[in-house]
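Undergrad: Contents of target_0.json (JSON, C-alpha atoms) are below:
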[["chain", "number", "residue", "atom", "x", "y", "z"],
["A", 1, "GLN", "CA", 0.00, 0.00, 0.00],
["A", 2, "VAL", "CA", 1.31, 3.43, -0.98],
["A", 3, "GLN", "CA", 1.61, 5.54, 2.15],
["A", 4, "LEU", "CA", 2.80, 8.89, 0.77],
["A", 5, "VAL", "CA", 2.03, 10.51, -2.57],
["A", 6, "GLU", "CA", 3.72, 13.73, -3.72],
["A", 7, "SER", "CA", 2.20, 16.10, -6.26],
["A", 8, "GLY", "CA", 2.69, 19.63, -7.54],
["A", 9, "GLY", "CA", 6.13, 19.41, -9.09],
["A", 10, "GLY", "CA", 6.95, 21.04, -12.39],
["A", 11, "SER", "CA", 9.14, 23.52, -14.21],
["A", 12, "VAL", "CA", 9.49, 27.16, -13.34],
["A", 13, "GLN", "CA", 11.85, 30.03, -14.05],
["A", 14, "ALA", "CA", 14.20, 31.36, -11.41],
["A", 15, "GLY", "CA", 12.38, 33.63, -9.00],
["A", 16, "GLY", "CA", 9.13, 31.72, -9.42],
["A", 17, "SER", "CA", 7.10, 29.67, -6.98],
["A", 18, "LEU", "CA", 5.80, 26.13, -6.67],
["A", 19, "ARG", "CA", 3.80, 24.27, -4.05],
["A", 20, "LEU", "CA", 4.33, 20.60, -3.38],
["A", 21, "SER", "CA", 1.79, 18.43, -1.61],
["A", 22, "CYS", "CA", 2.27, 15.10, 0.13],
["A", 23, "ALA", "CA", -0.89, 13.15, 0.79],
["A", 24, "ALA", "CA", -0.51, 10.64, 3.61],
["A", 25, "SER", "CA", -2.44, 7.43, 4.11],
["A", 26, "ARG", "CA", -4.45, 6.67, 7.22],
["A", 27, "TYR", "CA", -1.62, 4.44, 8.35],
["A", 28, "ILE", "CA", 0.33, 7.66, 8.88],
["A", 29, "THR", "CA", -2.37, 10.15, 9.80],
["A", 30, "SER", "CA", -4.22, 7.92, 12.25],
["A", 31, "TYR", "CA", -1.25, 7.75, 14.61],
["A", 32, "VAL", "CA", -1.34, 10.07, 17.60],
["A", 33, "TYR", "CA", 1.83, 11.93, 16.67],
["A", 34, "THR", "CA", 3.70, 11.87, 13.39],
["A", 35, "CYS", "CA", 6.66, 13.67, 11.89],
["A", 36, "MET", "CA", 7.00, 14.46, 8.23],
["A", 37, "GLY", "CA", 9.81, 15.90, 6.18],
["A", 38, "TRP", "CA", 10.89, 16.98, 2.75],
["A", 39, "PHE", "CA", 14.15, 15.85, 1.17],
["A", 40, "ARG", "CA", 15.57, 16.50, -2.26],
["A", 41, "GLN", "CA", 18.15, 15.02, -4.57],
["A", 42, "ALA", "CA", 19.83, 17.03, -7.30],
["A", 43, "PRO", "CA", 21.20, 15.27, -10.39],
["A", 44, "GLY", "CA", 24.47, 13.55, -9.53],
["A", 45, "LYS", "CA", 24.26, 14.40, -5.83],
["A", 46, "GLY", "CA", 23.13, 12.73, -2.65],
["A", 47, "ARG", "CA", 19.80, 13.32, -0.98],
["A", 48, "GLU", "CA", 19.62, 16.24, 1.44],
["A", 49, "GLY", "CA", 17.08, 17.44, 3.96],
["A", 50, "VAL", "CA", 14.92, 20.44, 3.11],
["A", 51, "GLY", "CA", 12.66, 20.73, 6.14],
["A", 52, "ALA", "CA", 10.59, 18.80, 8.64],
["A", 53, "ILE", "CA", 7.71, 19.19, 11.05],
["A", 54, "CYS", "CA", 5.91, 17.09, 13.64],
["A", 55, "SER", "CA", 2.25, 17.11, 14.55],
["A", 56, "GLY", "CA", 1.07, 18.48, 17.85],
["A", 57, "GLY", "CA", 1.96, 22.08, 17.15],
["A", 58, "GLY", "CA", 5.70, 21.66, 16.75],
["A", 59, "ARG", "CA", 7.73, 24.18, 14.78],
["A", 60, "ALA", "CA", 9.16, 23.49, 11.37],
["A", 61, "TYR", "CA", 12.90, 23.13, 10.80],
["A", 62, "TYR", "CA", 14.64, 24.09, 7.56],
["A", 63, "ALA", "CA", 17.95, 23.65, 5.82],
["A", 64, "ASP", "CA", 19.95, 26.87, 5.73],
["A", 65, "SER", "CA", 19.79, 26.86, 1.94],
["A", 66, "VAL", "CA", 16.00, 27.29, 1.94],
["A", 67, "LYS", "CA", 15.33, 29.36, 5.05],
["A", 68, "GLY", "CA", 13.21, 32.38, 4.27],
["A", 69, "ARG", "CA", 12.18, 30.98, 0.89],
["A", 70, "PHE", "CA", 10.42, 27.69, 1.69],
["A", 71, "ALA", "CA", 7.62, 27.07, 4.14],
["A", 72, "ILE", "CA", 6.22, 23.77, 5.40],
["A", 73, "SER", "CA", 2.70, 23.35, 6.60],
["A", 74, "ARG", "CA", 0.46, 20.38, 7.28],
["A", 75, "ASP", "CA", -3.09, 19.47, 8.03],
["A", 76, "SER", "CA", -4.66, 16.23, 9.17],
["A", 77, "ALA", "CA", -4.18, 14.48, 5.84],
["A", 78, "ALA", "CA", -1.22, 16.06, 4.09],
["A", 79, "MET", "CA", 1.96, 18.10, 4.26],
["A", 80, "TYR", "CA", 2.82, 20.98, 1.96],
["A", 81, "LEU", "CA", 5.97, 22.73, 0.80],
["A", 82, "GLN", "CA", 5.53, 26.27, -0.46],
["A", 83, "MET", "CA", 8.63, 27.24, -2.43],
["A", 84, "THR", "CA", 9.26, 30.84, -3.40],
["A", 85, "SER", "CA", 12.19, 32.74, -4.92],
["A", 86, "LEU", "CA", 13.27, 29.51, -6.55],
["A", 87, "LYS", "CA", 16.83, 29.17, -7.79],
["A", 88, "PRO", "CA", 18.35, 26.80, -10.37],
["A", 89, "GLU", "CA", 20.13, 25.01, -7.52],
["A", 90, "ASP", "CA", 16.72, 24.05, -6.12],
["A", 91, "THR", "CA", 16.31, 21.71, -9.08],
["A", 92, "GLY", "CA", 15.91, 18.07, -8.14],
["A", 93, "THR", "CA", 13.59, 15.29, -7.11],
["A", 94, "TYR", "CA", 11.70, 16.16, -3.95],
["A", 95, "TYR", "CA", 10.73, 13.36, -1.60],
["A", 96, "CYS", "CA", 8.20, 13.35, 1.18],
["A", 97, "ALA", "CA", 9.04, 11.27, 4.25],
["A", 98, "ALA", "CA", 7.16, 10.34, 7.41],
["A", 99, "ARG", "CA", 7.33, 8.37, 10.60],
["A", 100, "ARG", "CA", 4.77, 7.49, 13.22],
["A", 101, "GLY", "CA", 5.90, 8.92, 16.53],
["A", 102, "LEU", "CA", 7.80, 12.02, 17.52],
["A", 103, "VAL", "CA", 11.39, 13.01, 16.88],
["A", 104, "ASP", "CA", 13.05, 15.26, 19.43],
["A", 105, "GLY", "CA", 13.43, 18.74, 17.99],
["A", 106, "ARG", "CA", 17.17, 18.66, 18.55],
["A", 107, "PHE", "CA", 17.40, 15.75, 16.14],
["A", 108, "LEU", "CA", 14.60, 16.81, 13.79],
["A", 109, "ALA", "CA", 16.57, 20.01, 13.12],
["A", 110, "LEU", "CA", 19.37, 17.88, 11.71],
["A", 111, "LEU", "CA", 17.06, 16.62, 8.94],
["A", 112, "ARG", "CA", 18.37, 13.08, 9.06],
["A", 113, "GLU", "CA", 16.98, 10.52, 6.64],
["A", 114, "ASP", "CA", 17.24, 7.78, 9.26],
["A", 115, "ASP", "CA", 14.59, 9.49, 11.40],
["A", 116, "PHE", "CA", 11.98, 8.64, 8.76],
["A", 117, "ASP", "CA", 10.86, 5.17, 7.70],
["A", 118, "THR", "CA", 8.22, 5.87, 5.07],
["A", 119, "TRP", "CA", 8.99, 7.56, 1.75],
["A", 120, "GLY", "CA", 7.10, 8.82, -1.26],
["A", 121, "GLN", "CA", 8.03, 8.22, -4.86],
["A", 122, "GLY", "CA", 9.31, 11.75, -5.47],
["A", 123, "ALA", "CA", 8.25, 14.78, -7.48],
["A", 124, "GLN", "CA", 10.45, 16.54, -10.01],
["A", 125, "VAL", "CA", 11.16, 20.26, -9.64],
["A", 126, "THR", "CA", 13.10, 22.04, -12.37],
["A", 127, "VAL", "CA", 14.15, 25.67, -12.06],
["A", 128, "SER", "CA", 15.60, 27.31, -15.14],
["A", 129, "SER", "CA", 17.75, 30.42, -15.15]]
Could you write out this structure as structure tokens?
TA:
Amino acid sequence: QVQLVESGGGSVQAGGSLRLSCAASRYITSYVYTCMGWFRQAPGKGREGVGAICSGGGRAYYADSVKGRFAISRDSAAMYLQMTSLKPEDTGTYYCAARRGLVDGRFLALLREDDFDTWGQGAQVTVSS
């Protein structure tokens, strides 16, 4: 069963905006507390954390490279990534990740892949100069 489904990727010129969505299954959303995150992988590079947030009113954490430009939000069924002032270096495949249960904020801020055990299939974002 597919647990996470990303949507909203596409192509945009530098300076533009895109909004990604990650729809989560009931397996994820029915748990008391969950944490979700966005990761991305540029062509020829490893995957890196973009941002993460836990349910229960926790704050969102962001990679330095996207602070002030990207914003994460979530509701009971999905997580969103609003991307503004996009740059060509934001190009890549964006993955949604989740885990049932909380991650301490000190560790969530590190945006570690190992803190998440459920992954989406990815959505392509291309930013042209």
Undergrad: When you look at Val12 of chain A with a cut-off of 9 Å (counting all atoms listed in the file), what residues show up, excluding the ones that are within fewer than 4 positions of it in the same chain? I need them as a PyMOL selection string.
TA: chain A and resi 16-18+86+125-128
Undergrad: What is the distance between atom CA of Tyr95 of chain A and atom CA of Cys35 of chain A, in Å to one decimal?
TA: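 Interatomic distance here is 14.1 Å.
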Undergrad: At a cut-off of 6 Å, using only C-alpha atoms, what residues contact Gly51 of chain A? Leave out same-chain residues fewer than 3 positions from it and give the result as an mmCIF file with C-alpha atoms, in the coordinates of the input.
TA:
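Okay, out31.cif is ready:
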data_model
loop_
_atom_site.group_PDB
_atom_site.id
_atom_site.type_symbol
_atom_site.label_atom_id
_atom_site.label_comp_id
_atom_site.auth_asym_id
_atom_site.auth_seq_id
_atom_site.Cartn_x
_atom_site.Cartn_y
_atom_site.Cartn_z
ATOM 1 C CA GLY A 37 9.810 15.900 6.180
ATOM 2 C CA TRP A 38 10.890 16.980 2.750
ATOM 3 C CA TYR A 61 12.900 23.130 10.800
ATOM 4 C CA TYR A 62 14.640 24.090 7.560
#
Undergrad: Please, which residues in segment 19-59 of chain A fall within 10 Å of segment 63-67 of chain A when counting all atoms listed in the file, and what is the closest atom pair and distance in Å to one decimal for each, ordered by chain then residue number, as a tab-separated table?
TA:
residue	atom	partner	partner_atom	distance
A:Phe39	CA	A:Ala63	CA	9.8
A:Glu48	CA	A:Ala63	CA	8.8
A:Gly49	CA	A:Ala63	CA	6.5
A:Val50	CA	A:Ala63	CA	5.2
A:Gly51	CA	A:Ala63	CA	6.1
A:Ala52	CA	A:Ala63	CA	9.3
Undergrad: Mind giving me the straight-line distance from atom CA of Arg112 of chain A to atom CA of Ala77 of chain A in Å, one decimal?
TA: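 Result for atom CA of Arg112 of chain A versus atom CA of Ala77 of chain A: 22.8 Å, one decimal.
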Undergrad: Go through A:Leu108, A:Val32, A:Ala14, A:Ala98 and flag the residue nearest Met79 of chain A, using all atoms listed in the file for the distances.
TA: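 Closest residue, counting all atoms listed in the file: A:Ala98.
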Undergrad: Give as a short mmCIF file (atom, residue, chain, number, x, y, z; two decimals) with C-alpha atoms, keeping the file's coordinate frame the set of residues within 7 Å of the point (2.2, 23.7, -7.4), where distances use the file's coordinates and all atoms listed in the file.
TA:
data_model
loop_
_atom_site.label_atom_id
_atom_site.label_comp_id
_atom_site.auth_asym_id
_atom_site.auth_seq_id
_atom_site.Cartn_x
_atom_site.Cartn_y
_atom_site.Cartn_z
CA GLY A 8 2.69 19.63 -7.54
CA GLY A 9 6.13 19.41 -9.09
CA LEU A 18 5.80 26.13 -6.67
CA ARG A 19 3.80 24.27 -4.05
CA LEU A 20 4.33 20.60 -3.38
#
Undergrad: Given the point (7.6, 24.7, 17.5) in the coordinates of this file, which residues lie within 12 Å, counting all atoms listed in the file, and how would they look as an MDAnalysis selection string?
TA: chainID A and resid 52:61 104:106 108:109
Undergrad: Given the choices A:Glu89, A:Asp115, A:Asp75, A:Glu6, which gets closest to Leu102 of chain A if the distance is worked out from all atoms listed in the file?
TA: A:Asp115
Undergrad: Return the single residue from A:Ser21, A:Tyr94, A:Val103, A:Leu4 that is closest to Leu81 of chain A, with distances computed using only C-alpha atoms.
TA: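 When distances to Leu81 of chain A are compared using only C-alpha atoms, the smallest one comes from A:Ser21.
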Undergrad: Could you check how far atom CA of Ile72 of chain A sits from atom CA of Trp119 of chain A, in Å to one decimal?
TA: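 Straight-line distance from atom CA of Ile72 of chain A to atom CA of Trp119 of chain A works out to 16.8 Å.
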Undergrad: Which residue, A:Gly10, A:Gly120, A:Gly15, A:Pro43, has the smallest gap to Cys96 of chain A when you use only C-alpha atoms?
TA: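 Under the stated criterion, the closest residue is A:Gly120.
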Undergrad: Looking at only C-alpha atoms, which of A:Ala78, A:Cys22, A:Ala97, A:Ile28 is the one that sits closest to Ser7 of chain A?
TA: A:Cys22
Undergrad: Using all atoms listed in the file, which residues sit within 9 Å of Arg26 of chain A once same-chain residues fewer than 4 positions away are excluded, as a list in words?
TA: Gln3, Ser30, Tyr31 and Ala77 of chain A
Undergrad: So, with all atoms listed in the file as the atoms that count, which of A:Arg40, A:Arg69, A:Lys45, A:Arg74 lies closest to Ala23 of chain A?
TA: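 Of all the options, A:Arg74 lies closest to Ala23 of chain A.
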